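Heads up: the structure comes next, in structure tokens.
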Amino acid sequence: MNILLFGPPGAGKGTQSALLVEKNGFAHISTGDILRAAIKNKTPLGLEAKVIIDKGELVSDEIVIGLVDEAISGLNNKPFILDGFPRTVVQAEGLDQLLSKMDKKIDKSIFLDVDTDFLVKRLSGRRVCRGCGASFHVEANPTNAEGVCDKCGGETYQRADDEPTSISKRLDVYEKSTSPLKDYYQAKGSLVKVSGIGSMDEVYDRINGVLKA
Ligand code: AMP
């Protein structure tokens, strides 16, 4: 089974993907993670993407469709989760084309539903590990020692796009470009809405219930 997780920034896509990888054995494809790795390695793509990401805007459809094509092709048929892709209807159409070329499909398109007030709180308190990418929250899920990742001992930091001006831009971009995906996947019959409010485990249980249904 292949699934995609979409929803507004801060809905918990990355956190839930990590649980689904650990407990259900999915491969994880996150376009945000791929782009951040390119930035860290200062590749030409990373240098181009950094300016766009820090402003809270979207990287071009063509680039991210290419990244996902490469990532899925390298999986050897392992079931996968797409996290943060597609983010536009053009990307969703591109995904359909590349999946049909590979004779694969998305079985469930899971929309993680969280109110805007929660999103701002979640995003502004989020801290991410520079080493392993683990995600924490200063109030809801703090690290044991401030600034130090519980998982790998790396340094945690606030993403530039979790600063207030980028957050509001990302929420606007989400409303305009990503939220139409609900109608897109509803029409295809694969949309499942899951509330993203509650503890990590509560939300995971809801998603796992959907996968078993
Ligand atoms: P994320 O980690 O999924 O929140 O992504 C962080 C940032 O990377 C986004 O705000 C975008 O600038 C960029 N990005 C990630 N995925 C995509 C995508 N599918 N399409 C365009 N830009 C993306």
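To be explicit about the labels: the chains of the structure tokens are called A, B, and onward in the order shown, and within each one the residues are counted from 1, while ligands get numbers from 1 in the order they are shown.
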
Item checked: DSSP-assigned helix (DSSP H, G or I) members of range 71-177 of chain A, reported as a PyMOL selection string -> chain A and resi 71-73+89-102+116-124+160-162+164-177

Find the nearest atom pair between each residue of range 53-117 of chain A and range 10-26 of chain A for residues within 10 Å, count only C-alpha atoms, give distances in Å to one decimal, sort rows by chain and ascending number, and present the table as JSON lines.
```
{"residue": "A:Lys78", "atom": "CA", "partner": "A:Phe26", "partner_atom": "CA", "distance": 7.2}
{"residue": "A:Pro79", "atom": "CA", "partner": "A:Phe26", "partner_atom": "CA", "distance": 5.4}
{"residue": "A:Phe80", "atom": "CA", "partner": "A:Phe26", "partner_atom": "CA", "distance": 5.0}
{"residue": "A:Ile81", "atom": "CA", "partner": "A:Phe26", "partner_atom": "CA", "distance": 6.3}
{"residue": "A:Leu82", "atom": "CA", "partner": "A:Ser17", "partner_atom": "CA", "distance": 8.5}
{"residue": "A:Asp83", "atom": "CA", "partner": "A:Lys13", "partner_atom": "CA", "distance": 6.3}
{"residue": "A:Gly84", "atom": "CA", "partner": "A:Lys13", "partner_atom": "CA", "distance": 7.3}
{"residue": "A:Ile110", "atom": "CA", "partner": "A:Lys13", "partner_atom": "CA", "distance": 9.8}
{"residue": "A:Phe111", "atom": "CA", "partner": "A:Ala11", "partner_atom": "CA", "distance": 9.3}
{"residue": "A:Leu112", "atom": "CA", "partner": "A:Ala11", "partner_atom": "CA", "distance": 6.1}
{"residue": "A:Asp113", "atom": "CA", "partner": "A:Ala11", "partner_atom": "CA", "distance": 6.8}
{"residue": "A:Val114", "atom": "CA", "partner": "A:Ala11", "partner_atom": "CA", "distance": 5.8}
{"residue": "A:Asp115", "atom": "CA", "partner": "A:Ala11", "partner_atom": "CA", "distance": 8.7}
{"residue": "A:Thr116", "atom": "CA", "partner": "A:Gly10", "partner_atom": "CA", "distance": 9.2}
```

Written file, previous selection with N, CA, C and O atoms, as a CSV table (one decimal), in the first residue's frame:
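Just written: again.csv:
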```csv
chain,number,residue,atom,x,y,z
A,78,LYS,N,9.2,-1.0,-2.6
A,78,LYS,CA,8.8,-0.9,-1.2
A,78,LYS,C,7.6,0.0,-1.1
A,78,LYS,O,7.6,1.1,-1.7
A,79,PRO,N,6.6,-0.3,-0.2
A,79,PRO,CA,5.5,0.6,0.0
A,79,PRO,C,6.0,2.0,0.5
A,79,PRO,O,7.0,2.0,1.4
A,80,PHE,N,5.4,3.1,0.1
A,80,PHE,CA,6.0,4.4,0.5
A,80,PHE,C,4.9,5.3,1.0
A,80,PHE,O,3.7,5.2,0.7
A,81,ILE,N,5.4,6.3,1.8
A,81,ILE,CA,4.6,7.5,2.2
A,81,ILE,C,5.2,8.7,1.5
A,81,ILE,O,6.4,8.9,1.5
A,82,LEU,N,4.3,9.5,0.8
A,82,LEU,CA,4.7,10.8,0.3
A,82,LEU,C,4.3,11.8,1.3
A,82,LEU,O,3.2,11.9,1.7
A,83,ASP,N,5.3,12.6,1.8
A,83,ASP,CA,5.1,13.6,2.8
A,83,ASP,C,5.4,15.0,2.3
A,83,ASP,O,6.6,15.2,1.9
A,84,GLY,N,4.4,15.8,2.2
A,84,GLY,CA,4.7,17.2,1.7
A,84,GLY,C,4.7,17.2,0.2
A,84,GLY,O,5.1,18.3,-0.4
A,110,ILE,N,-4.2,10.8,2.7
A,110,ILE,CA,-4.7,11.2,4.0
A,110,ILE,C,-4.5,12.7,4.3
A,110,ILE,O,-3.3,13.2,4.2
A,111,PHE,N,-5.6,13.4,4.5
A,111,PHE,CA,-5.5,14.8,4.8
A,111,PHE,C,-5.5,15.0,6.3
A,111,PHE,O,-6.4,14.6,7.0
A,112,LEU,N,-4.4,15.6,6.9
A,112,LEU,CA,-4.3,15.8,8.3
A,112,LEU,C,-4.9,17.2,8.6
A,112,LEU,O,-4.3,18.2,8.2
A,113,ASP,N,-6.0,17.2,9.3
A,113,ASP,CA,-6.8,18.4,9.5
A,113,ASP,C,-6.4,19.1,10.9
A,113,ASP,O,-6.6,18.4,11.9
A,114,VAL,N,-5.9,20.3,10.8
A,114,VAL,CA,-5.6,21.1,12.0
A,114,VAL,C,-6.0,22.5,11.8
A,114,VAL,O,-5.7,23.1,10.8
A,115,ASP,N,-6.6,23.2,12.8
A,115,ASP,CA,-7.0,24.6,12.7
A,115,ASP,C,-5.8,25.5,12.7
A,115,ASP,O,-4.8,25.2,13.3
A,116,THR,N,-6.0,26.6,12.1
A,116,THR,CA,-4.9,27.6,11.9
A,116,THR,C,-4.2,28.0,13.2
A,116,THR,O,-3.0,28.1,13.3
```

Note to self: Could you list the protein, DNA and RNA residues that have any atom within 8 Å of ligand 1, counting only C-alpha atoms and all ligand atoms, and write them as a ChimeraX atom specification?
What the structure shows: /A:9-10,13-14,30-33,35-36,49,52-61,64-65,83-88,91,161,170

Check: For Glu93 in chain A, which residue among A:Ala160, A:Leu119, A:Leu181, A:Val148 is the nearest when counting only C-alpha atoms?
Finding: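 Closest candidate: A:Leu181.
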
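One finds CA of Cys132 in chain A at 26.6 Å from CA of Ser109 in chain A.
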
Next item on the list: Find the residues around Val128 in chain A up to 10 Å (only C-alpha atoms counted), leave out those fewer than 5 positions away in its own chain, and share them as JSON, numbers by chain.
Entry: {"A": [133, 134, 135, 136, 137, 147, 148, 149, 154, 155, 156, 157, 158, 159]}

Note to self: Could you go through chain A and tell me which residues DSSP, when run on the backbone, assigns to strand (DSSP E or B), listing them as a ChimeraX atom specification?
What the structure shows: /A:3-6,27-30,80-83,108-113,126-129,135-137,141,145,148,155-157,191-195

Just N, CA and C atoms for this one: save the residues we selected as a CSV table (one decimal), in the first residue's frame.
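Dumped everything to out_14.csv:
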```csv
chain,number,residue,atom,x,y,z
A,3,ILE,N,0.8,5.5,0.4
A,3,ILE,CA,-0.1,6.5,0.9
A,3,ILE,C,0.5,7.9,0.7
A,4,LEU,N,-0.3,8.9,0.7
A,4,LEU,CA,0.3,10.3,0.8
A,4,LEU,C,-0.4,11.0,2.0
A,5,LEU,N,0.4,11.8,2.6
A,5,LEU,CA,0.0,12.6,3.8
A,5,LEU,C,0.1,14.0,3.3
A,6,PHE,N,-1.0,14.7,3.4
A,6,PHE,CA,-1.0,16.2,3.1
A,6,PHE,C,-1.8,16.9,4.1
A,27,ALA,N,8.6,3.2,3.4
A,27,ALA,CA,9.7,4.1,3.0
A,27,ALA,C,9.2,5.5,3.0
A,28,HIS,N,10.0,6.4,3.4
A,28,HIS,CA,9.5,7.8,3.6
A,28,HIS,C,10.1,8.7,2.5
A,29,ILE,N,9.2,9.4,1.7
A,29,ILE,CA,9.7,10.3,0.7
A,29,ILE,C,9.2,11.7,1.1
A,30,SER,N,10.1,12.6,1.6
A,30,SER,CA,9.7,13.9,2.0
A,30,SER,C,10.4,14.9,1.1
A,80,PHE,N,5.4,3.1,0.1
A,80,PHE,CA,6.0,4.4,0.5
A,80,PHE,C,4.9,5.3,1.0
A,81,ILE,N,5.4,6.3,1.8
A,81,ILE,CA,4.6,7.5,2.2
A,81,ILE,C,5.2,8.7,1.5
A,82,LEU,N,4.3,9.5,0.8
A,82,LEU,CA,4.7,10.8,0.3
A,82,LEU,C,4.3,11.8,1.3
A,83,ASP,N,5.3,12.6,1.8
A,83,ASP,CA,5.1,13.6,2.8
A,83,ASP,C,5.4,15.0,2.3
A,108,LYS,N,-4.3,5.5,-0.4
A,108,LYS,CA,-5.0,6.5,0.5
A,108,LYS,C,-4.3,7.8,0.4
A,109,SER,N,-5.2,8.8,0.3
A,109,SER,CA,-4.6,10.2,0.4
A,109,SER,C,-5.1,10.8,1.7
A,110,ILE,N,-4.2,10.8,2.7
A,110,ILE,CA,-4.7,11.2,4.0
A,110,ILE,C,-4.5,12.7,4.3
A,111,PHE,N,-5.6,13.4,4.5
A,111,PHE,CA,-5.5,14.8,4.8
A,111,PHE,C,-5.5,15.0,6.3
A,112,LEU,N,-4.4,15.6,6.9
A,112,LEU,CA,-4.3,15.8,8.3
A,112,LEU,C,-4.9,17.2,8.6
A,113,ASP,N,-6.0,17.2,9.3
A,113,ASP,CA,-6.8,18.4,9.5
A,113,ASP,C,-6.4,19.1,10.9
A,126,ARG,N,8.4,24.9,17.1
A,126,ARG,CA,9.1,23.7,16.6
A,126,ARG,C,10.6,23.8,16.5
A,127,ARG,N,11.3,22.8,16.9
A,127,ARG,CA,12.8,22.8,16.8
A,127,ARG,C,13.2,21.5,16.2
A,128,VAL,N,14.2,21.5,15.3
A,128,VAL,CA,14.5,20.4,14.4
A,128,VAL,C,16.0,20.1,14.6
A,129,CYS,N,16.3,18.8,14.6
A,129,CYS,CA,17.8,18.4,14.8
A,129,CYS,C,18.5,18.6,13.5
A,135,SER,N,12.1,16.0,15.1
A,135,SER,CA,11.4,17.2,15.3
A,135,SER,C,10.9,17.3,16.8
A,136,PHE,N,11.0,18.4,17.4
A,136,PHE,CA,10.6,18.6,18.8
A,136,PHE,C,9.7,19.9,18.9
A,137,HIS,N,9.2,20.1,20.1
A,137,HIS,CA,8.4,21.3,20.3
A,137,HIS,C,8.8,21.9,21.7
A,141,ASN,N,6.7,18.9,23.2
A,141,ASN,CA,7.6,17.8,23.1
A,141,ASN,C,9.1,18.3,23.2
A,145,ALA,N,17.6,18.0,27.2
A,145,ALA,CA,18.5,19.2,27.4
A,145,ALA,C,18.3,20.2,26.3
A,148,VAL,N,19.6,20.2,22.5
A,148,VAL,CA,20.3,19.0,22.2
A,148,VAL,C,19.3,17.9,21.8
A,155,GLU,N,22.6,19.1,17.3
A,155,GLU,CA,22.1,20.4,17.8
A,155,GLU,C,20.7,20.7,17.2
A,156,THR,N,19.8,21.1,18.0
A,156,THR,CA,18.4,21.5,17.5
A,156,THR,C,18.4,23.0,17.2
A,157,TYR,N,17.6,23.3,16.2
A,157,TYR,CA,17.5,24.7,15.8
A,157,TYR,C,16.1,25.1,15.3
A,191,LEU,N,-9.5,10.1,-0.9
A,191,LEU,CA,-9.4,11.1,0.2
A,191,LEU,C,-9.9,10.5,1.5
A,192,VAL,N,-9.0,10.6,2.6
A,192,VAL,CA,-9.5,10.3,3.9
A,192,VAL,C,-9.1,11.5,4.8
A,193,LYS,N,-10.0,12.0,5.6
A,193,LYS,CA,-9.7,13.1,6.5
A,193,LYS,C,-9.4,12.6,7.9
A,194,VAL,N,-8.3,13.0,8.5
A,194,VAL,CA,-8.0,12.6,9.8
A,194,VAL,C,-7.7,13.8,10.7
A,195,SER,N,-8.3,13.9,11.8
A,195,SER,CA,-8.0,15.0,12.7
A,195,SER,C,-6.5,14.9,13.2
```

Check: What is the CA of Ser166 in chain A to CA of Gly7 in chain A distance in Å?
Finding: 16.9 Å

Notebook entry, point to check: Which is closer to Ser168 in chain A than all the others in A:Asn144, A:Asn41, A:Ser100, A:Ser124, using only C-alpha atoms?
Noted result: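 Result for the nearest residue to Ser168 in chain A: A:Ser124.
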